[in-house]
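So this one's data18.cif, mmCIF, C-alpha atoms:
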```cif
data_data
loop_
_atom_site.label_atom_id
_atom_site.label_comp_id
_atom_site.auth_asym_id
_atom_site.auth_seq_id
_atom_site.Cartn_x
_atom_site.Cartn_y
_atom_site.Cartn_z
CA MET A 1 74.94 104.39 137.71
CA ALA A 2 77.80 103.49 140.08
CA PRO A 3 80.57 104.19 137.56
CA GLN A 4 79.23 107.75 137.17
CA MET A 5 79.81 108.52 140.85
CA ASP A 6 83.02 110.23 141.83
CA GLU A 7 85.28 108.97 144.62
CA ARG A 8 83.87 111.47 147.10
CA ASN A 9 80.33 110.18 146.76
CA ARG A 10 81.45 106.56 146.80
CA ALA A 11 83.19 107.21 150.12
CA LEU A 12 80.08 109.00 151.43
CA CYS A 13 77.85 106.04 150.53
CA PHE A 14 80.22 103.65 152.28
CA ALA A 15 80.33 105.83 155.41
CA TYR A 16 76.53 106.03 155.61
CA ARG A 17 76.17 102.27 155.28
CA ASN A 18 79.06 101.50 157.65
CA PRO A 19 78.73 103.97 160.56
CA ALA A 20 80.85 104.00 163.71
CA ARG A 21 79.76 101.75 166.64
CA GLY A 22 76.64 103.01 168.29
CA GLN A 23 75.41 104.94 165.23
CA LYS A 24 72.47 103.90 163.09
CA LYS A 25 72.88 102.84 159.47
CA THR A 26 71.38 105.19 156.92
CA THR A 27 68.87 103.62 154.55
CA TYR A 28 69.61 103.51 150.85
CA LYS A 29 66.68 105.81 150.12
CA ASP A 30 68.02 108.43 152.52
CA ILE A 31 71.51 108.11 151.04
CA GLN A 32 69.98 108.55 147.58
CA LYS A 33 68.56 111.92 148.59
CA LYS A 34 71.82 113.09 150.13
CA VAL A 35 74.00 111.99 147.22
CA ARG A 36 71.59 113.53 144.73
CA ASN A 37 72.02 116.89 146.46
CA VAL A 38 75.81 116.61 146.23
CA GLN A 39 76.20 114.99 142.83
CA GLY A 40 73.12 116.29 141.03
CA GLY A 41 70.97 114.28 138.66
CA ARG A 42 69.15 111.03 139.29
CA VAL A 43 71.07 108.37 141.22
CA THR A 44 69.46 104.95 141.58
CA ILE A 45 69.37 102.93 144.76
CA GLY A 46 71.22 100.17 142.90
CA ALA A 47 74.06 102.56 142.18
CA ILE A 48 74.18 103.56 145.86
CA ALA A 49 74.29 99.94 146.98
CA GLY A 50 77.00 99.12 144.48
CA ALA A 51 79.12 102.10 145.45
CA ALA A 52 78.86 101.28 149.16
CA ALA A 53 79.64 97.60 148.65
CA SER A 54 82.60 98.08 146.32
CA TYR A 55 84.28 101.06 147.95
CA GLY A 56 87.88 100.37 148.82
CA GLN A 57 88.02 97.09 146.94
CA GLU A 58 90.66 96.64 144.28
CA LYS A 59 89.38 95.67 140.87
CA GLY A 60 90.45 92.27 139.65
CA ALA A 61 92.43 91.98 136.41
CA VAL A 62 90.25 91.87 133.31
CA GLY A 63 91.01 89.56 130.41
CA ARG A 64 93.82 87.06 129.90
CA PRO A 65 97.15 87.37 131.72
CA LYS A 66 99.71 89.42 129.84
CA GLY A 67 101.56 87.35 127.25
CA SER A 68 98.94 84.61 127.08
CA HIS A 69 96.97 83.83 123.89
CA LYS A 70 93.39 83.03 123.15
CA THR A 71 94.69 80.42 120.74
CA SER A 72 96.60 77.25 121.55
CA LYS A 73 99.89 76.27 119.90
CA ALA A 74 98.03 73.80 117.68
CA GLU A 75 95.52 76.47 116.63
CA GLU A 76 98.30 78.94 115.87
CA LYS A 77 100.00 76.31 113.73
CA LEU A 78 96.73 75.79 111.84
CA ILE A 79 96.38 79.53 111.22
CA MET A 80 99.86 79.65 109.69
CA GLN A 81 99.17 76.56 107.56
CA LYS A 82 96.05 78.20 106.10
CA PHE A 83 97.91 81.46 105.58
CA ASN A 84 100.81 79.83 103.72
CA LYS A 85 98.39 77.86 101.54
CA LEU A 86 96.33 80.92 100.62
CA ARG A 87 99.31 83.23 100.09
CA PRO A 88 101.90 81.73 97.75
CA PRO A 89 104.88 84.09 97.28
CA GLY A 90 103.70 87.38 95.84
CA HIS A 91 99.97 86.74 96.13
CA GLY A 92 97.73 89.28 97.78
CA ILE A 93 95.87 88.13 100.89
CA VAL A 94 93.56 89.75 103.43
CA SER A 95 92.91 88.62 106.99
CA ARG A 96 89.24 88.03 106.17
CA LYS A 97 90.19 85.30 103.71
CA VAL A 98 92.46 83.54 106.22
CA HIS A 99 89.80 83.74 108.93
CA LYS A 100 87.14 82.35 106.61
CA ALA A 101 89.34 79.36 105.71
CA LEU A 102 89.70 78.23 109.34
CA PRO A 103 87.60 75.37 110.73
CA LYS A 104 84.21 76.54 112.00
CA LYS A 105 85.02 75.86 115.65
CA LEU A 106 88.18 77.96 115.55
CA ARG A 107 86.54 80.62 113.37
CA ASN A 108 83.80 81.07 115.96
CA LYS A 109 86.34 81.24 118.76
CA ILE A 110 88.53 84.02 117.35
CA CYS A 111 88.06 87.18 115.31
CA ARG A 112 90.03 88.57 112.37
CA GLN A 113 92.13 90.72 114.70
CA THR A 114 93.41 87.57 116.39
CA VAL A 115 94.49 86.28 112.98
CA ILE A 116 96.29 89.58 112.33
CA ASN A 117 97.96 89.37 115.76
CA ARG A 118 99.19 85.79 115.21
CA LEU A 119 100.59 86.72 111.78
CA GLY A 120 102.24 89.81 113.23
CA GLU A 121 103.98 87.73 115.91
CA LYS A 122 105.57 85.68 113.12
CA GLY A 123 106.72 88.85 111.34
CA TYR A 124 103.97 88.93 108.70
CA LYS A 125 102.52 92.40 108.40
CA ALA A 126 100.50 94.22 105.75
CA ARG A 127 103.02 95.93 103.48
CA ALA A 128 102.87 97.59 100.08
CA LYS A 129 104.79 95.77 97.38
CA LEU A 130 107.91 97.37 96.04
CA ARG A 131 108.39 98.16 92.36
CA LYS A 132 111.68 97.60 90.58
CA SER A 133 113.31 100.77 89.42
CA ASP A 134 115.04 100.44 86.05
CA PHE A 135 116.70 103.82 86.26
CA SER A 136 120.45 103.81 85.72
CA VAL A 137 122.60 106.59 87.12
CA THR A 138 122.55 108.28 83.71
CA GLN A 139 118.76 108.07 83.44
CA ALA A 140 118.32 109.40 86.95
CA LYS A 141 120.50 112.41 86.12
CA LYS A 142 118.45 113.14 83.00
CA ARG A 143 115.26 113.05 85.06
CA VAL A 144 116.73 115.49 87.57
CA LYS A 145 117.92 117.78 84.79
CA PHE A 146 114.46 117.85 83.24
CA ALA A 147 113.04 118.76 86.66
CA ASP A 148 115.70 121.44 87.17
CA ASP A 149 114.87 122.95 83.77
CA HIS A 150 111.27 123.38 84.92
CA GLN A 151 111.79 124.19 88.59
CA ASP A 152 110.34 127.69 88.12
CA TRP A 153 107.13 126.36 86.56
CA ASN A 154 104.30 126.36 89.06
CA ALA A 155 100.92 124.72 88.38
CA ALA A 156 99.58 127.81 86.57
CA LYS A 157 102.69 127.99 84.37
CA TRP A 158 102.39 124.33 83.41
CA LYS A 159 98.74 124.81 82.45
CA ALA A 160 99.64 127.87 80.39
CA GLU A 161 102.52 126.20 78.55
CA VAL A 162 101.18 122.66 78.12
CA GLN A 163 97.67 122.20 76.76
CA ALA A 164 97.44 118.43 77.23
CA VAL A 165 99.14 115.23 78.35
CA GLY A 166 98.87 112.00 76.36
CA ASP A 167 99.99 108.41 76.54
CA LEU A 168 99.56 104.91 75.12
CA LYS A 169 98.44 102.16 77.47
CA ASP A 170 97.99 98.41 77.12
CA PHE A 171 95.04 96.99 79.06
CA THR A 172 95.34 93.21 79.27
CA TYR A 173 92.41 90.87 78.74
CA TYR A 174 92.67 87.72 80.86
CA PRO A 175 90.49 84.74 79.96
CA GLU A 176 88.27 83.32 82.66
CA GLU A 177 90.73 80.59 83.73
CA LEU A 178 93.50 83.15 84.42
CA ARG A 179 91.52 86.02 85.89
CA ALA A 180 91.37 84.87 89.52
CA LYS A 181 95.13 84.29 89.65
CA PHE A 182 95.79 87.64 88.00
CA LYS A 183 93.75 89.49 90.62
CA GLU A 184 95.82 87.91 93.38
CA LEU A 185 99.16 88.58 91.71
CA ARG A 186 98.43 92.20 90.85
CA ALA A 187 97.57 93.05 94.46
CA PRO A 188 99.50 96.19 95.48
CA TRP A 189 100.09 94.84 99.00
CA THR A 190 100.03 91.65 101.01
CA TYR A 191 101.09 90.22 104.37
CA MET A 192 104.84 89.58 104.26
CA THR A 193 107.98 89.76 106.35
CA ASP A 194 110.69 92.40 106.02
CA ALA A 195 112.96 89.85 104.33
CA GLU A 196 110.26 88.78 101.86
CA ARG A 197 109.55 92.35 100.79
CA THR A 198 112.91 92.62 99.03
CA MET A 199 112.56 89.29 97.20
CA PRO A 200 111.76 89.43 93.46
CA LYS A 201 108.68 87.22 93.94
CA PHE A 202 107.15 89.83 96.23
CA GLN A 203 107.79 92.73 93.89
CA ARG A 204 105.16 93.54 91.31
CA PRO A 205 106.16 91.76 88.09
CA LYS A 206 105.72 92.94 84.52
CA ARG A 207 104.44 89.55 83.39
CA TRP A 208 102.16 87.45 85.55
CA PHE A 209 102.15 84.03 83.88
CA PRO A 210 104.40 81.48 82.11
CA LYS A 211 104.65 81.88 78.33
CA ASP A 212 102.12 79.17 77.48
CA GLN A 213 99.50 80.86 79.66
CA TRP A 214 100.53 84.37 78.63
CA ARG A 215 99.69 83.55 75.00
CA LYS A 216 96.04 83.28 76.01
CA THR A 217 95.91 86.94 77.00
CA LYS A 218 95.12 89.80 74.62
CA LYS A 219 95.96 93.50 74.65
CA ALA A 220 93.61 96.42 74.18
CA LYS A 221 95.93 99.32 73.32
CA VAL A 222 94.45 102.71 74.15
CA PHE A 223 95.61 106.23 73.43
CA GLY A 224 94.36 108.78 75.93
CA ILE A 225 94.78 112.54 76.10
CA THR A 226 93.68 114.96 78.84
CA THR A 227 93.68 118.73 78.46
CA SER A 228 94.62 121.35 81.02
CA ASN A 229 90.95 122.40 81.22
CA GLY A 230 89.82 118.88 82.08
CA LYS A 231 88.58 117.53 78.76
CA SER A 232 89.59 114.06 77.66
CA LEU A 233 89.63 111.78 74.67
CA ALA A 234 90.46 108.07 74.43
CA TRP A 235 90.15 105.39 71.77
CA ILE A 236 91.25 101.83 71.04
CA VAL A 237 94.05 102.02 68.50
CA GLU A 238 94.52 99.57 65.65
CA THR A 239 96.96 96.74 66.19
CA PRO A 240 99.68 96.54 65.22
CA TYR A 241 100.09 100.27 65.77
CA ASP A 242 102.84 102.14 63.98
CA SER A 243 103.98 105.72 63.34
CA ALA A 244 101.93 106.03 60.13
CA LYS A 245 98.72 105.16 61.99
CA TRP A 246 99.66 107.55 64.77
CA ALA A 247 100.24 110.31 62.20
CA ALA A 248 96.74 109.68 60.82
CA ASP A 249 95.27 109.79 64.34
CA VAL A 250 97.06 113.09 64.98
CA LYS A 251 95.30 114.61 61.96
CA ASP A 252 91.91 112.94 62.40
CA LYS A 253 91.53 112.81 66.19
CA VAL A 254 94.09 114.70 68.28
CA LEU A 255 94.23 118.03 66.44
CA PRO A 256 90.42 118.36 66.01
CA PHE A 257 90.03 117.52 69.72
CA LEU A 258 92.52 120.21 70.78
CA LYS A 259 90.85 122.80 68.54
CA ARG A 260 87.46 122.01 70.07
CA SER A 261 88.91 122.16 73.58
CA PHE A 262 90.68 125.52 73.00
CA PRO A 263 88.56 127.54 70.54
CA GLY A 264 90.54 130.29 68.84
CA LYS A 265 93.95 128.86 69.80
CA ARG A 266 96.21 128.11 66.83
CA SER A 267 99.15 126.33 68.44
CA PHE A 268 99.33 123.58 71.03
CA GLN A 269 102.05 121.99 73.10
CA ILE A 270 101.43 118.55 74.59
CA LEU A 271 103.39 116.20 76.81
CA LEU A 272 104.06 112.69 75.47
CA ASP A 273 106.15 109.81 76.77
CA GLY A 274 109.32 108.85 74.91
CA GLU A 275 107.80 105.95 72.95
CA LYS A 276 109.55 106.05 69.57
CA LEU A 277 106.52 105.76 67.29
CA LEU A 278 104.99 108.89 68.89
CA HIS A 279 108.02 110.94 67.82
CA ALA A 280 108.74 109.46 64.40
CA PRO A 281 109.10 111.73 61.29
CA ALA A 282 105.59 111.07 59.89
CA PRO A 283 103.65 112.10 63.02
CA LYS A 284 106.07 114.99 63.60
CA ARG A 285 105.18 116.37 60.15
CA ALA A 286 101.48 115.96 60.93
CA MET A 287 101.97 117.86 64.19
CA ASP A 288 103.94 120.66 62.55
CA GLU A 289 101.25 121.13 59.90
CA GLY A 290 98.56 121.42 62.58
CA GLY A 291 100.50 123.77 64.86
CA MET A 292 101.15 121.11 67.46
CA SER A 293 104.45 120.43 69.25
CA VAL A 294 105.71 118.09 71.95
CA LEU A 295 107.31 119.30 75.19
CA PRO A 296 111.05 118.80 74.48
CA ASN A 297 113.72 116.86 76.37
CA TRP A 298 111.35 114.39 78.03
CA PRO A 299 113.49 111.87 79.99
CA LYS A 300 113.08 108.35 78.64
CA TYR A 301 111.47 105.56 80.69
CA SER A 302 109.63 107.99 82.96
CA PRO A 303 105.97 106.99 82.98
CA ASP A 304 105.75 108.01 86.63
CA LEU A 305 106.22 111.65 85.57
CA ASN A 306 103.36 111.62 83.05
CA PRO A 307 100.07 112.68 84.72
CA GLN A 308 98.08 110.60 82.22
CA GLU A 309 99.24 107.61 84.26
CA ASN A 310 96.78 108.73 86.96
CA VAL A 311 93.96 108.14 84.49
CA TRP A 312 95.29 104.67 83.68
CA ALA A 313 95.55 103.72 87.35
CA ILE A 314 91.95 104.68 88.12
CA ALA A 315 90.72 103.11 84.88
CA GLU A 316 92.48 99.84 85.71
CA GLU A 317 90.73 99.65 89.09
CA LYS A 318 87.39 100.54 87.56
CA LEU A 319 87.84 98.03 84.75
CA ARG A 320 88.62 95.14 87.09
CA SER A 321 85.57 95.95 89.20
CA ILE A 322 83.12 95.93 86.29
CA GLU A 323 84.49 93.12 84.11
CA LYS A 324 82.71 89.76 84.21
CA ASP A 325 84.23 86.28 84.14
CA ARG A 326 82.58 85.40 80.84
CA ASP A 327 83.39 88.67 79.03
CA THR A 328 84.65 88.28 75.47
CA PHE A 329 87.58 90.36 74.26
CA ALA A 330 85.17 92.60 72.30
CA THR A 331 83.17 93.27 75.48
CA PHE A 332 86.42 93.87 77.36
CA GLN A 333 87.43 96.57 74.87
CA GLN A 334 84.13 98.37 75.41
CA ARG A 335 84.59 98.21 79.16
CA VAL A 336 88.11 99.67 78.81
CA ILE A 337 86.82 102.85 77.19
CA SER A 338 84.02 103.15 79.76
CA ALA A 339 86.56 102.82 82.57
CA VAL A 340 88.86 105.46 81.06
CA GLN A 341 85.97 107.88 80.51
CA ALA A 342 84.92 107.47 84.15
CA TYR A 343 87.91 109.52 85.35
CA PRO A 344 86.47 112.50 87.31
CA HIS A 345 86.38 115.82 85.45
CA GLU A 346 87.54 117.84 88.47
CA SER A 347 90.58 115.57 88.86
CA ALA A 348 91.29 115.80 85.12
CA LYS A 349 91.56 119.59 85.36
CA LYS A 350 94.41 119.20 87.85
CA LEU A 351 96.54 116.73 85.91
CA VAL A 352 98.68 119.15 83.87
CA GLY A 353 99.18 121.39 86.90
CA SER A 354 100.35 118.39 88.94
CA MET A 355 103.59 118.43 86.95
CA ALA A 356 104.93 121.11 89.30
CA LYS A 357 104.65 118.73 92.25
CA ARG A 358 106.14 115.87 90.22
CA MET A 359 109.19 117.96 89.37
CA ASN A 360 109.75 118.73 93.06
CA LEU A 361 109.43 115.07 93.99
CA VAL A 362 111.86 113.80 91.36
CA ARG A 363 114.45 116.34 92.55
CA GLN A 364 113.92 115.29 96.17
CA LYS A 365 114.37 111.63 95.20
CA GLU A 366 117.44 112.40 93.07
CA GLY A 367 115.88 110.94 89.96
CA ALA A 368 114.39 107.81 91.51
CA SER A 369 110.80 106.78 90.82
CA ILE A 370 108.20 109.01 92.47
CA GLY A 371 105.66 106.18 92.38
CA LYS A 372 102.93 108.18 90.64
#
```

With the file now loaded, output its structure as structure tokens.
Amino acid sequence: MAPQMDERNRALCFAYRNPARGQKKTTYKDIQKKVRNVQGGRVTIGAIAGAAASYGQEKGAVGRPKGSHKTSKAEEKLIMQKFNKLRPPGHGIVSRKVHKALPKKLRNKICRQTVINRLGEKGYKARAKLRKSDFSVTQAKKRVKFADDHQDWNAAKWKAEVQAVGDLKDFTYYPEELRAKFKELRAPWTYMTDAERTMPKFQRPKRWFPKDQWRKTKKAKVFGITTSNGKSLAWIVETPYDSAKWAADVKDKVLPFLKRSFPGKRSFQILLDGEKLLHAPAPKRAMDEGGMSVLPNWPKYSPDLNPQENVWAIAEEKLRSIEKDRDTFATFQQRVISAVQAYPHESAKKLVGSMAKRMNLVRQKEGASIGK
């Protein structure tokens, strides 16, 4: 109770217990009654005694002296050794993993925050990995021009003009012996120094393994399309995939899907990336015959501007959380579609409209990647 007493009552308690010469000390019970009348509420005798005894005393410093560590130099060296072993260049690492790898005696002595503090003192802090931008000056200008051409399109205008966004995506199957390493390498962030962050090894690579290991991986190529009213369709495409197969899919899958999604509508405009096979003569004829067109002048190499990428990002996370070490490639393909279909309907309805924000961002960044 003593900490709840204000300075006035603490001084009063002290005065009652330490009266002037010739005056009688007041008992704790009597002080309790008097303080209760002033302070209100129940005040214990223990609180009164503590307040009277501690009044006027300066509190001693709590904790270790400033600048000192809970860990010794040898222990700090051990923490860094474990960290460097668990985090080769580019690998993702969390403080929990470093803490768990320490000897039991040291692990029981310190917490994860101490590990974070020791890493921070050496310049290692949690940072998001950079992505290489392949945009030349010419490409950046084309991206800005495309954004300028649509600067008057708000979210409602985009949804009125563009009925759907579509894209092809490769989901990579990693066999059991490569999966653990892949999960570390693909980490979007890790503990690194400012200097390390700009090194190629610490930027997210396009290929994770040497060629001999890479040959063991397989690709599940998916085409996905999301409408402005939140409906979606995705399927595993045949491999190898070419413009003739895409033309057949336009007739058999895409056009029927759009007609079901927009009953009564006879023409459709969709947004597609600049991949050549999607814009070849055969699929273009199939589109024309079905009343379907592609939003013109799309800037090449701009996946960050395509809202369908949001679906791929969420699907990738979902896929890696549900896949099992012993999954076959056939099982993996089934899990891919399940992960893509798990994208929330309410979020899907906002994808086409999000183009307005993307156009603003690409203008602000003068054509550089917007990271979406």

Review point. Could you spell out the hits of the PyMOL selection byres ((chain A and resi 352) around 7) on the shown file, as a PyMOL selection string?
Key: chain A and resi 158-159+164-165+228+307+350-351+353-355

May I have the residues from that selection written out with C-alpha atoms, as a PDB file, keeping the file's coordinate frame?
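again_2.pdb, freshly written:
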```
ATOM      1  CA  TRP A 158     102.390 124.330  83.410  1.00  0.00           C
ATOM      2  CA  LYS A 159      98.740 124.810  82.450  1.00  0.00           C
ATOM      3  CA  ALA A 164      97.440 118.430  77.230  1.00  0.00           C
ATOM      4  CA  VAL A 165      99.140 115.230  78.350  1.00  0.00           C
ATOM      5  CA  SER A 228      94.620 121.350  81.020  1.00  0.00           C
ATOM      6  CA  PRO A 307     100.070 112.680  84.720  1.00  0.00           C
ATOM      7  CA  LYS A 350      94.410 119.200  87.850  1.00  0.00           C
ATOM      8  CA  LEU A 351      96.540 116.730  85.910  1.00  0.00           C
ATOM      9  CA  GLY A 353      99.180 121.390  86.900  1.00  0.00           C
ATOM     10  CA  SER A 354     100.350 118.390  88.940  1.00  0.00           C
ATOM     11  CA  MET A 355     103.590 118.430  86.950  1.00  0.00           C
TER      12      MET A 355
END
```

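This file gives the following result for the PyMOL selection byres ((chain A and resi 52) around 9): Arg10, Ala11, Leu12, Cys13, Phe14, Ala15, Tyr16, Arg17, Asn18, Ala47, Ile48, Ala49, Gly50, Ala51, Ala53, Ser54 and Tyr55 of chain A.
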
Point to revise | Target residues per the PyMOL selection byres ((chain A and resi 269) around 10), formatted as a ChimeraX atom specification | key: /A:160-165,258,267-268,270-272,287,291-296

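Interatomic distance, atom CA of A:His279 against atom CA of A:Trp235: 19.1 Å.
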
Review point. Using all atoms listed in the file, which residue out of A:Ile31, A:Leu78, A:Leu86, A:Ile93 lies closest to A:Arg118?
Key: A:Leu78

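Comparing A:Lys324, A:Lys29, A:Lys253, A:Lys349 by their smallest distance to A:Ala286, the closest is A:Lys253 (using all atoms listed in the file).
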
If I wrap all listed atoms of stretch 92-96 of chain A in a box with edges along x, y and z and add 6 Å on each side, what are its centre and edge lengths in Å to one decimal, as JSON?
```
{"center_x": 93.5, "center_y": 88.9, "center_z": 102.4, "size_x": 20.5, "size_y": 13.7, "size_z": 21.2}
```

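Nearest-residue note for A:Asp194: choosing from A:Pro240, A:Gly123, A:Lys245, A:Lys169, the minimum distance belongs to A:Gly123, counting only C-alpha atoms.
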
Review point. What's the 12 Å shell around A:Met80, counting only C-alpha atoms, without same-chain residues fewer than 4 positions away, as a PyMOL selection string?
Key: chain A and resi 73-76+84-87+95+98-99+101-102+115-124+191

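With all atoms listed in the file as the atoms that count, the residue of A:Leu319, A:Leu168, A:Val254, A:Leu305 with the shortest distance to A:Arg143 is A:Leu305.
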
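For A:Trp214, the set of protein, DNA and RNA residues having any atom at most 12 Å away, when counting all atoms listed in the file and skipping those fewer than 2 positions along the same chain, is Thr172, Tyr173, Tyr174, Pro175, Glu177, Leu178, Arg179, Phe182, Lys206, Arg207, Trp208, Phe209, Pro210, Lys211, Asp212, Lys216, Thr217, Lys218 and Lys219 of chain A.
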
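Between atom CA of A:Phe332 and atom CA of A:Gly92 the separation is 23.8 Å.
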
Check your understanding: Between atom CA of A:Thr239 and atom CA of A:Leu255, what is the distance, to one decimal in Å?
Key -> 21.5 Å

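Closest to A:Ala155 among A:Arg326, A:Lys142, A:His345, A:Arg358 is A:Arg358, based on all atoms listed in the file.
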
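Each of A:Asn306, A:Asn229, A:Asn360, A:Ser243 was checked against A:Trp153 using only C-alpha atoms; the smallest atom-to-atom distance is that of A:Asn360.
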
For A:Thr190, please output as an mmCIF file with C-alpha atoms, in the frame of the given file all residues within 10 Å (counting only C-alpha atoms; exclusion window: fewer than 2 positions along the same chain).
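And here's selection33.cif as it stands now:
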```cif
data_model
loop_
_atom_site.group_PDB
_atom_site.id
_atom_site.type_symbol
_atom_site.label_atom_id
_atom_site.label_comp_id
_atom_site.auth_asym_id
_atom_site.auth_seq_id
_atom_site.Cartn_x
_atom_site.Cartn_y
_atom_site.Cartn_z
ATOM 1 C CA ARG A 87 99.310 83.230 100.090
ATOM 2 C CA PRO A 89 104.880 84.090 97.280
ATOM 3 C CA GLY A 90 103.700 87.380 95.840
ATOM 4 C CA HIS A 91 99.970 86.740 96.130
ATOM 5 C CA GLY A 92 97.730 89.280 97.780
ATOM 6 C CA ILE A 93 95.870 88.130 100.890
ATOM 7 C CA VAL A 94 93.560 89.750 103.430
ATOM 8 C CA SER A 95 92.910 88.620 106.990
ATOM 9 C CA TYR A 124 103.970 88.930 108.700
ATOM 10 C CA LYS A 125 102.520 92.400 108.400
ATOM 11 C CA ALA A 126 100.500 94.220 105.750
ATOM 12 C CA ARG A 127 103.020 95.930 103.480
ATOM 13 C CA ALA A 128 102.870 97.590 100.080
ATOM 14 C CA LYS A 129 104.790 95.770 97.380
ATOM 15 C CA GLU A 184 95.820 87.910 93.380
ATOM 16 C CA LEU A 185 99.160 88.580 91.710
ATOM 17 C CA ALA A 187 97.570 93.050 94.460
ATOM 18 C CA PRO A 188 99.500 96.190 95.480
ATOM 19 C CA MET A 192 104.840 89.580 104.260
ATOM 20 C CA THR A 193 107.980 89.760 106.350
ATOM 21 C CA ARG A 197 109.550 92.350 100.790
ATOM 22 C CA PHE A 202 107.150 89.830 96.230
#
```
